[in-house]
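As provided, run.cif (mmCIF, C-alpha atoms) reads as follows.
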data_start
loop_
_atom_site.label_atom_id
_atom_site.label_comp_id
_atom_site.auth_asym_id
_atom_site.auth_seq_id
_atom_site.Cartn_x
_atom_site.Cartn_y
_atom_site.Cartn_z
CA LYS X 100 -9.86 -41.35 30.79
CA GLU X 101 -8.40 -37.97 31.38
CA HIS X 102 -7.52 -38.59 35.00
CA CYS X 103 -5.35 -41.32 36.26
CA LYS X 104 -4.24 -42.31 39.70
CA ILE X 105 -0.50 -42.19 40.03
CA LEU X 106 -0.05 -42.71 43.75
CA ARG X 107 -1.93 -44.29 46.62
CA THR X 108 -0.54 -44.08 50.13
CA GLU X 109 -2.17 -45.19 53.32
CA GLU X 110 -1.92 -42.65 56.05
CA ASP X 111 -0.17 -43.82 59.17
CA SER X 112 -2.39 -44.95 61.95
CA PRO X 113 -1.62 -46.52 65.30
CA SER X 114 -1.45 -50.29 65.41
CA PRO X 115 -4.82 -51.92 66.03
CA PHE X 116 -3.06 -54.27 68.44
CA PRO X 117 -1.49 -51.96 71.01
CA GLY X 118 -0.06 -54.68 73.22
CA LEU X 119 1.71 -56.41 70.39
CA ALA X 120 5.47 -56.78 70.50
CA SER X 121 7.22 -54.84 67.79
CA GLY X 122 8.76 -56.81 65.02
CA VAL X 123 5.79 -59.07 64.44
CA LEU X 124 5.57 -60.03 60.80
CA GLU X 125 2.96 -57.88 59.10
CA MET X 126 1.61 -58.90 55.72
CA ARG X 127 0.09 -55.96 53.87
CA VAL X 128 -2.37 -57.39 51.43
CA LYS X 129 -3.02 -55.30 48.34
CA GLU X 130 -5.65 -55.59 45.69
CA GLY X 131 -3.22 -57.15 43.24
CA SER X 132 -1.30 -59.35 45.67
CA LYS X 133 -1.14 -63.00 44.78
CA ILE X 134 -2.27 -65.25 47.58
CA ARG X 135 0.48 -67.70 46.67
CA ASN X 136 3.14 -65.05 47.23
CA LEU X 137 1.60 -63.89 50.46
CA MET X 138 1.42 -67.38 51.85
CA GLY X 139 5.01 -68.00 50.84
CA GLY X 140 5.99 -65.00 52.92
CA VAL X 141 4.59 -66.47 56.09
CA GLY X 142 6.15 -69.87 55.62
CA GLY X 143 8.02 -69.31 58.87
CA VAL X 144 4.80 -69.49 60.81
CA ALA X 145 3.33 -72.26 58.74
CA GLY X 146 6.38 -74.46 59.07
CA SER X 147 6.07 -76.48 62.22
CA GLY X 148 9.44 -74.95 63.06
CA GLY X 149 11.34 -75.18 66.30
CA ALA X 150 11.24 -72.74 69.17
CA GLY X 151 12.76 -70.12 66.90
CA GLY X 152 9.80 -70.14 64.52
CA LEU X 153 7.50 -67.18 64.28
CA ARG X 154 4.69 -67.19 66.80
CA GLN X 155 2.50 -64.43 65.38
CA VAL X 156 1.57 -62.82 62.11
CA VAL X 157 -0.69 -59.92 61.19
CA PHE X 158 -2.61 -59.63 57.93
CA THR X 159 -3.88 -56.17 57.03
CA GLY X 160 -5.72 -54.93 54.00
CA SER X 161 -8.06 -52.12 53.08
CA GLY X 162 -10.64 -51.31 50.48
CA ARG X 163 -10.92 -53.94 47.83
CA ALA X 164 -8.20 -56.04 49.43
CA VAL X 165 -10.30 -56.83 52.50
CA THR X 166 -11.75 -60.07 51.18
CA LYS X 167 -8.34 -61.30 50.13
CA THR X 168 -6.97 -60.48 53.55
CA ILE X 169 -9.60 -62.65 55.19
CA THR X 170 -8.97 -65.44 52.72
CA CYS X 171 -5.26 -65.39 53.58
CA ALA X 172 -6.00 -65.65 57.27
CA GLU X 173 -8.48 -68.45 56.67
CA ILE X 174 -6.00 -70.44 54.59
CA MET X 175 -3.36 -69.92 57.23
CA LYS X 176 -5.66 -71.14 59.98
CA ARG X 177 -6.49 -74.26 58.02
CA LYS X 178 -2.84 -74.93 57.23
CA VAL X 179 -1.36 -74.35 60.64
CA GLY X 180 -4.18 -75.15 63.00
CA SER X 181 -4.58 -74.16 66.66
CA LEU X 182 -4.22 -70.45 65.98
CA HIS X 183 -5.78 -67.80 68.16
CA GLN X 184 -7.28 -64.94 66.19
CA LEU X 185 -8.02 -61.30 66.83
CA THR X 186 -9.86 -59.29 64.17
CA LYS X 187 -10.09 -55.49 64.15
CA LEU X 188 -12.04 -53.25 61.80
CA ARG X 189 -11.64 -49.55 61.29
CA TYR X 190 -11.57 -46.78 58.76
CA LYS X 191 -8.24 -45.88 57.31
CA GLY X 192 -7.23 -42.66 55.60
CA VAL X 193 -5.87 -43.00 52.11
CA LYS X 194 -4.18 -40.27 50.11
CA GLU X 195 -4.46 -40.52 46.38
CA VAL X 196 -2.66 -38.39 43.87
CA TRP X 197 -4.40 -38.06 40.51
CA GLU X 198 -2.96 -36.63 37.37
CA SER X 199 -5.09 -34.98 34.74
CA HIS X 200 -4.05 -34.88 31.14
CA ASP X 201 -6.49 -32.52 29.55
CA GLY X 202 -4.26 -29.66 28.49
CA GLY X 203 -1.22 -29.31 30.72
CA ALA X 204 -0.58 -31.88 33.39
CA SER X 205 -1.93 -30.98 36.78
CA GLU X 206 -2.05 -32.95 39.96
CA MET X 207 -4.83 -33.34 42.41
CA THR X 208 -4.67 -34.89 45.84
CA VAL X 209 -7.67 -36.68 47.26
CA HIS X 210 -8.16 -37.92 50.79
CA ARG X 211 -10.52 -40.81 51.22
CA THR X 212 -11.42 -43.13 54.03
CA VAL X 213 -11.73 -46.82 53.30
CA PRO X 214 -12.66 -49.76 55.52
CA SER X 215 -9.68 -51.74 56.66
CA ILE X 216 -9.22 -55.04 58.44
CA SER X 217 -6.36 -56.32 60.58
CA ILE X 218 -6.17 -59.96 61.59
CA LEU X 219 -3.69 -61.16 64.19
CA LEU X 220 -3.00 -64.89 64.18
CA SER X 221 -1.06 -66.24 67.12
CA LYS X 222 0.21 -69.59 68.29
CA ASP X 223 0.22 -68.18 71.81
CA PRO X 224 -3.07 -67.56 73.61
CA LEU X 225 -4.64 -64.11 73.31
CA ASP X 226 -7.01 -62.29 75.63
CA PRO X 227 -10.44 -63.87 75.06
CA ARG X 228 -12.19 -60.79 76.45
CA GLU X 229 -10.85 -58.60 73.67
CA PRO X 230 -13.62 -57.81 71.15
CA GLY X 231 -12.96 -59.68 67.94
CA TYR X 232 -11.25 -62.63 69.61
CA GLN X 233 -11.76 -66.03 68.06
CA PRO X 234 -10.44 -69.23 69.67
CA PRO X 235 -8.64 -71.88 67.61
CA GLU X 236 -10.56 -74.32 65.44
CA THR X 237 -13.69 -72.30 64.98
CA LEU X 238 -12.99 -72.77 61.28
CA SER X 239 -16.40 -73.07 59.77
CA ALA X 240 -17.92 -73.96 63.08
CA LEU X 241 -19.28 -70.45 63.46
CA TRP X 242 -21.97 -71.28 61.01
CA GLU X 243 -22.53 -74.92 61.74
CA GLU X 244 -22.18 -74.91 65.48
CA ARG X 245 -25.05 -72.55 65.82
CA GLU X 246 -27.39 -74.86 64.10
CA GLY X 247 -27.50 -76.72 67.33
CA ALA X 248 -24.90 -79.45 67.62
CA ASP X 249 -25.24 -79.49 71.39
CA PRO X 250 -28.73 -78.74 72.53
CA GLN X 251 -29.00 -76.06 75.14
CA PRO X 252 -31.93 -75.40 77.38
CA PRO X 253 -34.23 -73.07 75.51
CA ALA X 254 -34.81 -71.32 78.79
CA ALA X 255 -32.00 -68.98 77.90
CA PHE X 256 -34.25 -67.22 75.45
CA LYS X 257 -34.32 -64.20 77.66
CA ARG X 258 -30.76 -63.12 77.61
CA PRO X 259 -29.19 -62.58 81.01
CA ALA X 260 -28.30 -59.01 81.73
CA GLY X 261 -24.74 -59.96 82.63
CA PRO X 262 -21.82 -58.86 80.53
CA PRO X 263 -21.90 -60.74 77.28
CA ALA X 264 -18.57 -62.45 77.09
CA PHE X 265 -17.46 -62.22 73.54
CA GLY X 266 -19.13 -65.42 73.01
CA GLY X 267 -22.10 -63.75 71.56
CA TYR X 268 -22.14 -66.86 69.52
CA PRO X 269 -23.02 -69.44 72.13
CA ASP X 270 -25.65 -66.98 73.27
CA CYS X 271 -26.90 -66.72 69.76
CA LYS X 272 -27.31 -70.41 69.57
CA ARG X 273 -29.50 -70.55 72.58
CA ALA X 274 -31.58 -67.68 71.41
CA CYS X 275 -31.92 -69.40 68.12
CA LEU X 276 -33.23 -72.56 69.66
CA GLY X 277 -35.50 -70.61 71.88
CA GLU X 278 -37.11 -68.66 69.14
CA GLY X 279 -37.26 -71.25 66.46
CA GLY X 280 -38.49 -73.93 68.77
CA GLY X 281 -37.10 -77.36 68.21
CA VAL X 282 -37.66 -77.01 64.52
CA VAL X 283 -34.13 -75.95 63.83
CA LEU X 284 -32.59 -79.17 64.98
CA PRO X 285 -34.51 -81.84 63.11
CA SER X 286 -34.47 -79.97 59.85
CA LEU X 287 -30.71 -80.20 59.91
CA SER X 288 -30.37 -83.82 59.09
CA GLY X 289 -32.56 -83.50 56.04
CA MET V 229 -12.63 -85.44 41.13
CA ASN V 230 -11.06 -88.03 38.87
CA ASP V 231 -14.04 -90.24 38.96
CA GLY V 232 -13.88 -92.18 35.77
CA ARG V 233 -16.49 -90.18 33.96
CA ALA V 234 -13.73 -88.31 32.27
CA PRO V 235 -13.25 -90.17 29.00
CA GLY V 236 -16.66 -89.27 27.72
CA ALA V 237 -15.80 -85.65 27.90
CA ALA V 238 -12.18 -85.90 26.99
CA VAL V 239 -10.28 -82.94 25.65
CA LEU V 240 -8.08 -85.17 23.56
CA PRO V 241 -10.40 -87.20 21.44
CA GLN V 242 -7.56 -88.94 19.61
CA ASN V 243 -6.62 -91.02 22.63
CA PRO V 244 -9.11 -90.51 25.34
CA LEU V 245 -8.32 -93.75 27.10
CA THR V 246 -4.56 -93.72 27.07
CA SER V 247 -4.12 -90.41 28.81
CA PRO V 248 -5.33 -90.98 32.31
CA SER V 249 -3.24 -88.08 33.50
CA GLY V 250 -5.42 -85.81 31.43
CA GLY V 251 -8.42 -87.11 33.26
CA LEU V 252 -8.63 -84.26 35.67
CA GLN V 253 -8.31 -81.61 33.00
CA SER V 254 -10.85 -83.27 30.83
CA VAL V 255 -13.33 -83.01 33.64
CA GLU V 256 -12.53 -79.37 34.17
CA MET V 257 -12.26 -78.21 30.59
CA ASP V 258 -13.86 -80.08 27.77
CA PRO V 259 -15.64 -79.67 24.47
CA VAL V 260 -18.95 -80.24 26.19
CA GLU V 261 -20.44 -76.96 27.23
CA TYR V 262 -21.62 -76.79 30.77
CA THR V 263 -23.78 -74.28 32.46
CA LEU V 264 -22.48 -73.39 35.87
CA ARG V 265 -25.19 -72.83 38.39
CA LYS V 266 -24.28 -71.52 41.78
CA ARG V 267 -26.41 -72.97 44.51
CA LEU V 268 -27.40 -70.68 47.28
CA PRO V 269 -25.24 -70.86 50.38
CA ARG V 270 -26.64 -73.33 52.84
CA LYS V 271 -29.42 -72.05 54.97
CA LEU V 272 -28.26 -70.31 58.06
CA PRO V 273 -29.88 -69.52 61.36
CA LYS V 274 -31.83 -66.33 61.25
CA ARG V 275 -32.73 -64.57 64.42
CA ARG V 276 -34.46 -61.23 64.45
CA ASN V 277 -31.16 -59.49 65.05
CA ASP V 278 -29.24 -61.27 62.28
CA VAL V 279 -28.62 -59.23 59.17
CA TYR V 280 -27.28 -60.98 56.08
CA VAL V 281 -25.82 -58.34 53.81
CA ASN V 282 -25.99 -58.81 50.04
CA MET V 283 -24.96 -56.80 47.02
CA LYS V 284 -28.38 -56.58 45.45
CA THR V 285 -30.19 -54.50 48.00
CA ASP V 286 -29.49 -50.80 48.18
CA PHE V 287 -26.73 -50.02 50.67
CA ARG V 288 -28.68 -47.31 52.46
CA ALA V 289 -31.66 -49.60 52.89
CA GLN V 290 -29.52 -52.22 54.58
CA LEU V 291 -27.86 -49.63 56.78
CA ALA V 292 -31.24 -48.21 57.74
CA ARG V 293 -32.50 -51.65 58.63
CA CYS V 294 -29.61 -52.15 61.03
CA GLN V 295 -30.16 -48.74 62.58
CA LYS V 296 -33.79 -49.51 63.08
CA LEU V 297 -33.01 -52.78 64.83
CA LEU V 298 -30.62 -51.08 67.23
CA GLU V 299 -32.64 -47.96 67.89
CA GLY V 300 -36.28 -48.77 67.40
CA GLY V 301 -36.11 -52.53 67.68
CA GLY V 302 -34.63 -52.38 71.12
CA HIS V 303 -31.86 -54.84 70.37
CA ARG V 304 -28.69 -54.45 72.41
CA GLU V 305 -26.74 -56.26 69.72
CA ILE V 306 -27.08 -57.31 66.13
CA CYS V 307 -25.00 -59.63 63.97
CA VAL V 308 -24.06 -58.43 60.51
CA HIS V 309 -22.95 -61.22 58.17
CA GLY V 310 -21.25 -60.86 54.81
CA LEU V 311 -20.04 -63.46 52.33
CA GLY V 312 -17.46 -62.92 49.60
CA LEU V 313 -17.93 -59.62 47.83
CA ALA V 314 -20.47 -58.54 50.45
CA ILE V 315 -17.79 -58.61 53.15
CA ASN V 316 -16.80 -55.06 52.27
CA ARG V 317 -20.35 -53.89 52.54
CA ALA V 318 -20.87 -55.66 55.86
CA ILE V 319 -17.78 -53.96 57.29
CA ASN V 320 -18.89 -50.63 55.91
CA ILE V 321 -22.29 -50.97 57.54
CA ALA V 322 -20.75 -51.92 60.86
CA LEU V 323 -18.28 -49.03 60.79
CA GLN V 324 -20.99 -46.57 59.80
CA LEU V 325 -23.21 -47.73 62.63
CA GLN V 326 -20.33 -47.30 65.04
CA ALA V 327 -19.42 -43.86 63.73
CA SER V 328 -22.97 -42.57 63.90
CA SER V 329 -23.37 -43.82 67.48
CA GLN V 330 -20.59 -41.49 68.65
CA GLY V 331 -18.61 -44.40 69.98
CA ALA V 332 -21.44 -46.02 71.94
CA LEU V 333 -21.42 -49.10 69.76
CA GLN V 334 -18.63 -51.64 69.71
CA LEU V 335 -17.67 -54.12 67.03
CA ALA V 336 -16.47 -57.68 67.40
CA ALA V 337 -15.64 -59.35 64.12
CA ASN V 338 -15.08 -63.02 63.42
CA THR V 339 -14.12 -64.61 60.12
CA SER V 340 -14.92 -68.00 58.69
CA THR V 341 -14.90 -70.12 55.58
CA VAL V 342 -18.09 -71.19 53.88
CA GLU V 343 -18.28 -74.11 51.50
CA LEU V 344 -20.30 -73.38 48.39
CA VAL V 345 -21.58 -75.87 45.82
CA ASP V 346 -21.76 -75.27 42.08
CA ASP V 347 -23.77 -77.45 39.74
CA LEU V 348 -22.41 -78.14 36.29
CA GLU V 349 -25.16 -79.04 33.87
CA PRO V 350 -24.40 -80.08 30.29
CA ASP V 351 -26.00 -77.63 27.90
CA ASP V 352 -27.01 -80.23 25.36
CA PRO V 353 -28.00 -83.40 27.14
CA ASP V 354 -28.95 -85.27 23.95
CA GLU V 355 -25.69 -84.97 22.16
CA ALA V 356 -23.12 -84.45 24.79
CA PRO V 357 -21.85 -87.37 26.77
CA GLY V 358 -21.28 -85.09 29.70
CA GLU V 359 -23.03 -85.75 32.95
CA PRO V 360 -24.19 -83.25 35.51
CA MET V 361 -21.51 -82.62 38.07
CA THR V 362 -21.09 -80.67 41.22
CA ARG V 363 -18.07 -78.84 42.41
CA THR V 364 -17.37 -77.31 45.77
CA ARG V 365 -15.31 -74.25 46.54
CA ASN V 366 -14.63 -72.11 49.54
CA ASN V 367 -15.40 -68.49 50.13
CA SER V 368 -14.57 -66.24 53.03
CA ALA V 369 -17.15 -64.70 55.28
CA ILE V 370 -17.33 -62.20 58.09
CA HIS V 371 -19.64 -61.99 61.10
CA ILE V 372 -19.67 -58.71 62.93
CA LYS V 373 -21.35 -58.33 66.27
CA VAL V 374 -22.43 -54.70 66.68
CA TYR V 375 -23.38 -54.10 70.29
CA TYR V 376 -23.70 -51.69 73.18
CA PRO V 377 -21.11 -52.79 75.72
CA SER V 378 -22.63 -53.44 79.12
CA PRO V 379 -21.77 -50.75 81.62
#
Please re-express this file's structure in structure tokens.
Amino acid sequence: KEHCKILRTEEDSPSPFPGLASGVLEMRVKEGSKIRNLMGGVGGVAGSGGAGGLRQVVFTGSGRAVTKTITCAEIMKRKVGSLHQLTKLRYKGVKEVWESHDGGASEMTVHRTVPSISILLSKDPLDPREPGYQPPETLSALWEEREGADPQPPAAFKRPAGPPAFGGYPDCKRACLGEGGGVVLPSLSG
Amino acid sequence: MNDGRAPGAAVLPQNPLTSPSGGLQSVEMDPVEYTLRKRLPRKLPKRRNDVYVNMKTDFRAQLARCQKLLEGGGHREICVHGLGLAINRAINIALQLQASSQGALQLAANTSTVELVDDLEPDDPDEAPGEPMTRTRNNSAIHIKVYYPSP
């Protein structure tokens, strides 16, 4: 390879959580970060801790680190329990400096935009109306719940025109039952 | 995991029975060759406005499908789901949809953990004392609601 990347810096962007107090622990997850190390860094939140313990933590990652960022948050939720979650997605600018070696070193700067995710986990309640809010203990329920644990009247097939509270998901469930008929439920147990 | 089937597939053939502590390892790593088969993720609800993103289909085709649902299909909201490696692609699709709507579309993302099952099948059933096994592992997933906010 004649070109190699010698520097990668994320351009500054405003916090995705504007109302958040400054000084909240932010874990920047990188492609090569070890999950073990990251989770060690947030031990303060994980420890049941007294009143002085951390109440909130933010995981952010971009590009190829996005999956790892989610995994960290998921492990944290399982470990600590009862955490409120707020997830934000956006594009982030990244500046890369590349060096070429074919005859005389020369540098080249590239600007790229990559998808980035920020996940706020909080022991204190968060605004449920905020898009991307997830209440505690939805762990894997998002997938299973919708398969119809509590039957809802299929009458809700036609979605009300009212403002969809974030809970698109409960809505989804009803729609699902409505469309699929009762077939969805029985097939579950099999 | 340590279910007593271990000795048959022990790593240490010299004393397979006297090293119970090695039991776990001998299940994981052993002279018997296994083929690892990944089962498909468990079947999930599929409404007309659910899009499950994968890495096999062309990116533009999946993006176009979402656009069609929102524009031509008359849906006020769609749900874009991505599992594991496809998370990136799901996010990319959602962000692209939002960007091309000039801010009319909003995103609400949730994350979850999905349990996946792998089957371990011994390659040579006649010779090997190994038995078929299953193993579960977790993978992360994302669910992005892409919607027109109500006025």
Please enumerate the residues selected by the PyMOL selection byres ((chain V and resi 371) around 6) when evaluated against the supplied file, formatted as a list in words.
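Listing what the PyMOL selection byres ((chain V and resi 371) around 6) selects in the shown file: Val308, His309, Ala337, Asn338, Ile370 and Ile372 of chain V.
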What's the separation between CA of Pro377 in chain V and CA of Arg189 in chain X, in Å to one decimal place?
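Calculated distance between CA of Pro377 in chain V and CA of Arg189 in chain X is 17.6 Å.
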All residues 8 Å or closer to Ala172 in chain X, only C-alpha atoms, same chain fewer than 3 positions away omitted, as a PyMOL selection string:
chain X and resi 158+168-169+175-176+218+220
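Our summary of the geometry notes that CA of Phe287 in chain V is positioned 16.5 Å from CA of Arg163 in chain X.
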Cut-off 12 Å around (-15.1, -71.7, 42.4) with only C-alpha atoms: residues as a VMD selection string:
chain V and resid 256 264 to 267 312 342 to 348 362 to 368
